[in-house]
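These notes concern the structure reproduced below.
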Amino acid sequence: DTAVSQTPKYLVTQMGNDKSIKCEQNLGHDTMYWYKQDSKKFLKIMFSYNNKELIINETVPNRFSPKSPDKAHLNLHINSLELGDSAVYFCASSHENTDTQYFGPGTRLTVL
Amino acid sequence: TQLLEQSPQFLSIQEGENLTVYCNSSSVFSSLQWYRQEPGEGPVLLVTVVTGGEVKKLKRLTFQFGDARKDSSLHITAAQPGDTGLYLCAGGGSQGNLIFGKGTKLSVKP
């Protein structure tokens, strides 16, 4: 059973397009996150959601928006994609107020 | 701003050698975690250290949390090719997120 899953695994798209990445966790966690890993493998938090409430929002462009239809899902929508958005995006989840996070397999986004 | 400095950035060794990876910060963390990431996959949690001075062992891996809870180390004894991967330390941020070090890319040659 996959604990944290993401789709798609790979996403290749043209500049200016709008795309979404889906994330689902079956761990019963109440907090979910999106991280961006750049070409140098540096992982940086983008968003976290707790019970449908955005609790942190780093300085990411407003072209990026997380959407959580329910506690088990946190999808990432990206509008007007730019070349610099190319990276690997990881979803993660955890219980509230714990540091232990479980990561999905990542989505490699390539913007042409 | 909480930062974690990880060293070395790259490490290439022969099978059977020992190695240590360091994770340092000027900030105090309530806990530090070590993750291992393989190509094409997400980070996988290895261990969480919580108490200053704590030492945890996971087979050939030994993790230590500094007394002041500002630093941690990962020591691998008799490294094997299967240990190859990206090792990441992470600390709990003030707003619930994880702050990651830049990682140590380990290559163990047979």
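Lettering and numbering for the structure tokens are positional, with chains as A, B, ... in the shown order, residues counted from 1 in each chain, and ligands counted from 1 in the shown order.
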| Residue contacts of stretch 65-80 of chain B (9 Å, only C-alpha atoms) excluding same-chain residues fewer than 3 positions away, as an MDAnalysis selection string | chainID B and resid 4 13:34 49:56 60:62 83:84 89 108:110
Next, the residues of the selection above should be written as a compact mmCIF listing (two decimals), in the first residue's frame with N, CA, C and O atoms.
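Below you can see again_35.txt, which holds the result:
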# COMPACT_ATOMS: atom_id res chain seq x y z
N LEU B 4 20.35 24.95 8.08
CA LEU B 4 21.12 23.75 8.40
C LEU B 4 22.23 23.61 7.36
O LEU B 4 21.96 23.56 6.16
N ILE B 13 33.59 6.95 -1.68
CA ILE B 13 34.48 6.08 -0.91
C ILE B 13 34.41 4.65 -1.44
O ILE B 13 33.53 4.31 -2.24
N GLN B 14 35.34 3.83 -0.96
CA GLN B 14 35.35 2.42 -1.32
C GLN B 14 34.53 1.62 -0.31
O GLN B 14 34.41 1.99 0.87
N GLU B 15 34.01 0.53 -0.79
CA GLU B 15 33.27 -0.39 0.08
C GLU B 15 34.13 -0.78 1.27
O GLU B 15 35.32 -1.06 1.12
N GLY B 16 33.53 -0.78 2.45
CA GLY B 16 34.25 -1.17 3.65
C GLY B 16 34.78 0.00 4.47
O GLY B 16 35.13 -0.17 5.64
N GLU B 17 34.83 1.17 3.87
CA GLU B 17 35.33 2.35 4.60
C GLU B 17 34.23 2.90 5.51
O GLU B 17 33.05 2.63 5.34
N ASN B 18 34.69 3.70 6.49
CA ASN B 18 33.76 4.39 7.38
C ASN B 18 33.63 5.85 6.94
O ASN B 18 34.53 6.39 6.30
N LEU B 19 32.52 6.47 7.29
CA LEU B 19 32.33 7.88 6.93
C LEU B 19 31.43 8.56 7.94
O LEU B 19 30.65 7.92 8.64
N THR B 20 31.55 9.88 8.00
CA THR B 20 30.70 10.68 8.87
C THR B 20 30.18 11.88 8.09
O THR B 20 30.95 12.55 7.39
N VAL B 21 28.91 12.14 8.22
CA VAL B 21 28.27 13.31 7.62
C VAL B 21 27.81 14.22 8.75
O VAL B 21 27.28 13.75 9.77
N TYR B 22 28.01 15.53 8.56
CA TYR B 22 27.70 16.48 9.62
C TYR B 22 26.57 17.42 9.22
O TYR B 22 26.43 17.79 8.05
N CYS B 23 25.82 17.82 10.22
CA CYS B 23 24.69 18.75 10.02
C CYS B 23 24.76 19.77 11.15
O CYS B 23 24.63 19.40 12.32
N ASN B 24 24.98 21.03 10.81
CA ASN B 24 25.21 22.06 11.82
C ASN B 24 24.30 23.26 11.63
O ASN B 24 23.95 23.62 10.51
N SER B 25 23.97 23.88 12.74
CA SER B 25 23.13 25.07 12.70
C SER B 25 23.49 25.99 13.85
O SER B 25 24.03 25.55 14.86
N SER B 26 23.17 27.26 13.70
CA SER B 26 23.32 28.20 14.81
C SER B 26 22.04 28.26 15.63
O SER B 26 21.99 28.89 16.68
N SER B 27 21.00 27.58 15.14
CA SER B 27 19.70 27.59 15.82
C SER B 27 19.50 26.28 16.57
O SER B 27 20.04 25.24 16.20
N VAL B 28 18.69 26.35 17.60
CA VAL B 28 18.31 25.15 18.35
C VAL B 28 17.08 24.54 17.69
O VAL B 28 16.14 25.25 17.33
N PHE B 29 17.12 23.25 17.53
CA PHE B 29 15.97 22.54 16.95
C PHE B 29 15.37 21.60 17.99
O PHE B 29 16.09 20.99 18.77
N SER B 30 14.07 21.49 17.99
CA SER B 30 13.41 20.57 18.92
C SER B 30 13.71 19.12 18.54
O SER B 30 13.69 18.24 19.41
N SER B 31 13.98 18.87 17.29
CA SER B 31 14.37 17.54 16.82
C SER B 31 15.09 17.68 15.50
O SER B 31 14.94 18.70 14.81
N LEU B 32 15.86 16.69 15.18
CA LEU B 32 16.50 16.65 13.86
C LEU B 32 16.23 15.28 13.26
O LEU B 32 16.16 14.27 13.99
N GLN B 33 16.08 15.26 11.97
CA GLN B 33 15.81 14.01 11.29
C GLN B 33 16.83 13.79 10.19
O GLN B 33 17.38 14.74 9.64
N TRP B 34 17.05 12.54 9.89
CA TRP B 34 17.89 12.16 8.75
C TRP B 34 17.04 11.38 7.76
O TRP B 34 16.32 10.44 8.15
N VAL B 49 16.00 12.28 15.99
CA VAL B 49 16.63 12.45 17.29
C VAL B 49 16.01 13.65 17.98
O VAL B 49 15.78 14.68 17.34
N VAL B 50 15.73 13.50 19.25
CA VAL B 50 14.95 14.49 19.97
C VAL B 50 15.69 15.07 21.18
O VAL B 50 15.61 16.27 21.45
N THR B 51 16.42 14.23 21.87
CA THR B 51 17.06 14.66 23.12
C THR B 51 18.52 15.03 22.89
O THR B 51 19.25 14.30 22.20
N GLY B 52 18.95 16.16 23.45
CA GLY B 52 20.35 16.56 23.32
C GLY B 52 21.27 15.46 23.81
O GLY B 52 21.05 14.91 24.89
N GLY B 53 22.30 15.12 23.02
CA GLY B 53 23.22 14.06 23.38
C GLY B 53 22.77 12.67 22.98
O GLY B 53 23.50 11.69 23.16
N GLU B 54 21.59 12.58 22.43
CA GLU B 54 21.03 11.27 22.07
C GLU B 54 21.84 10.59 20.98
O GLU B 54 22.33 11.25 20.06
N VAL B 55 22.00 9.28 21.11
CA VAL B 55 22.65 8.46 20.09
C VAL B 55 21.68 7.35 19.70
O VAL B 55 21.14 6.66 20.56
N LYS B 56 21.47 7.23 18.39
CA LYS B 56 20.61 6.14 17.92
C LYS B 56 21.37 5.33 16.88
O LYS B 56 22.12 5.90 16.08
N ARG B 60 24.30 -0.45 10.67
CA ARG B 60 25.65 0.14 10.58
C ARG B 60 25.64 1.66 10.64
O ARG B 60 26.68 2.30 10.50
N LEU B 61 24.47 2.25 10.83
CA LEU B 61 24.35 3.71 10.88
C LEU B 61 24.20 4.17 12.33
O LEU B 61 23.39 3.61 13.07
N THR B 62 24.99 5.16 12.72
CA THR B 62 24.90 5.73 14.07
C THR B 62 24.60 7.21 13.94
O THR B 62 25.31 7.94 13.23
N ASP B 83 24.48 1.59 0.29
CA ASP B 83 24.34 2.82 1.07
C ASP B 83 24.36 4.06 0.18
O ASP B 83 24.10 5.17 0.65
N THR B 84 24.70 3.87 -1.07
CA THR B 84 24.77 4.99 -2.01
C THR B 84 23.44 5.73 -2.07
O THR B 84 22.37 5.11 -2.14
N CYS B 89 19.68 16.00 6.16
CA CYS B 89 19.24 16.26 7.53
C CYS B 89 18.15 17.32 7.48
O CYS B 89 18.10 18.13 6.55
N VAL B 108 29.30 4.82 -2.87
CA VAL B 108 30.16 3.77 -2.33
C VAL B 108 30.49 2.80 -3.46
O VAL B 108 29.60 2.15 -4.03
N LYS B 109 31.76 2.74 -3.80
CA LYS B 109 32.19 1.91 -4.93
C LYS B 109 32.60 0.52 -4.46
O LYS B 109 33.26 0.37 -3.44
N PRO B 110 32.19 -0.51 -5.22
CA PRO B 110 32.54 -1.88 -4.82
C PRO B 110 34.02 -2.16 -5.03
O PRO B 110 34.70 -1.49 -5.78
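Taking only C-alpha atoms, the non-local environment of B:Arg36 within 8 Å (same-chain residues fewer than 4 positions away omitted) comprises Pro43, Val44, Leu45, Leu46, Gly85, Leu86, Tyr87 and Leu88 of chain B.
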| said: Within 8 Å of chain A, which residues belong to chain B? Use only C-alpha atoms and report them as a PyMOL selection string. | reply: chain B and resi 31+33+40-45+48+91-92+95-103
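Comparing A:His77, A:His95, A:Lys67, A:Lys36 by their smallest distance to A:Ser20, the closest is A:His77 (using only C-alpha atoms).
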| said: Need to verify the contact set: A:Asn17, 6 Å, only C-alpha atoms, exclusion of same-chain residues closer than 2 positions in sequence. Can you return it as a ChimeraX atom specification? | reply: /A:14-15,80-81
Since we have the selection now, will you write its residues out, keeping N, CA, C and O atoms, as an mmCIF file, in the first residue's frame?
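The resulting file, part.cif, is reproduced below:
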data_model
loop_
_atom_site.group_PDB
_atom_site.id
_atom_site.type_symbol
_atom_site.label_atom_id
_atom_site.label_comp_id
_atom_site.auth_asym_id
_atom_site.auth_seq_id
_atom_site.Cartn_x
_atom_site.Cartn_y
_atom_site.Cartn_z
ATOM 1 N N GLN A 14 4.452 23.071 -22.009
ATOM 2 C CA GLN A 14 4.949 24.302 -22.600
ATOM 3 C C GLN A 14 4.785 25.470 -21.633
ATOM 4 O O GLN A 14 3.870 25.488 -20.779
ATOM 5 N N MET A 15 5.657 26.421 -21.786
ATOM 6 C CA MET A 15 5.580 27.661 -21.023
ATOM 7 C C MET A 15 4.217 28.306 -21.237
ATOM 8 O O MET A 15 3.690 28.278 -22.353
ATOM 9 N N SER A 80 0.131 29.609 -15.666
ATOM 10 C CA SER A 80 1.122 30.341 -16.473
ATOM 11 C C SER A 80 2.544 29.856 -16.199
ATOM 12 O O SER A 80 3.416 30.620 -15.776
ATOM 13 N N LEU A 81 2.781 28.586 -16.455
ATOM 14 C CA LEU A 81 4.072 27.977 -16.147
ATOM 15 C C LEU A 81 5.223 28.716 -16.797
ATOM 16 O O LEU A 81 5.144 29.174 -17.945
#
| field | Members of chain A assigned strand (DSSP E) by DSSP, as a PyMOL selection string | value | chain A and resi 4-7+10-13+19-25+31-37+43-50+53-57+64-67+75-78+87-94+102-103+107-111
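From atom CA of A:Val60 back to atom CA of A:Asp30, the distance works out to 22.7 Å.
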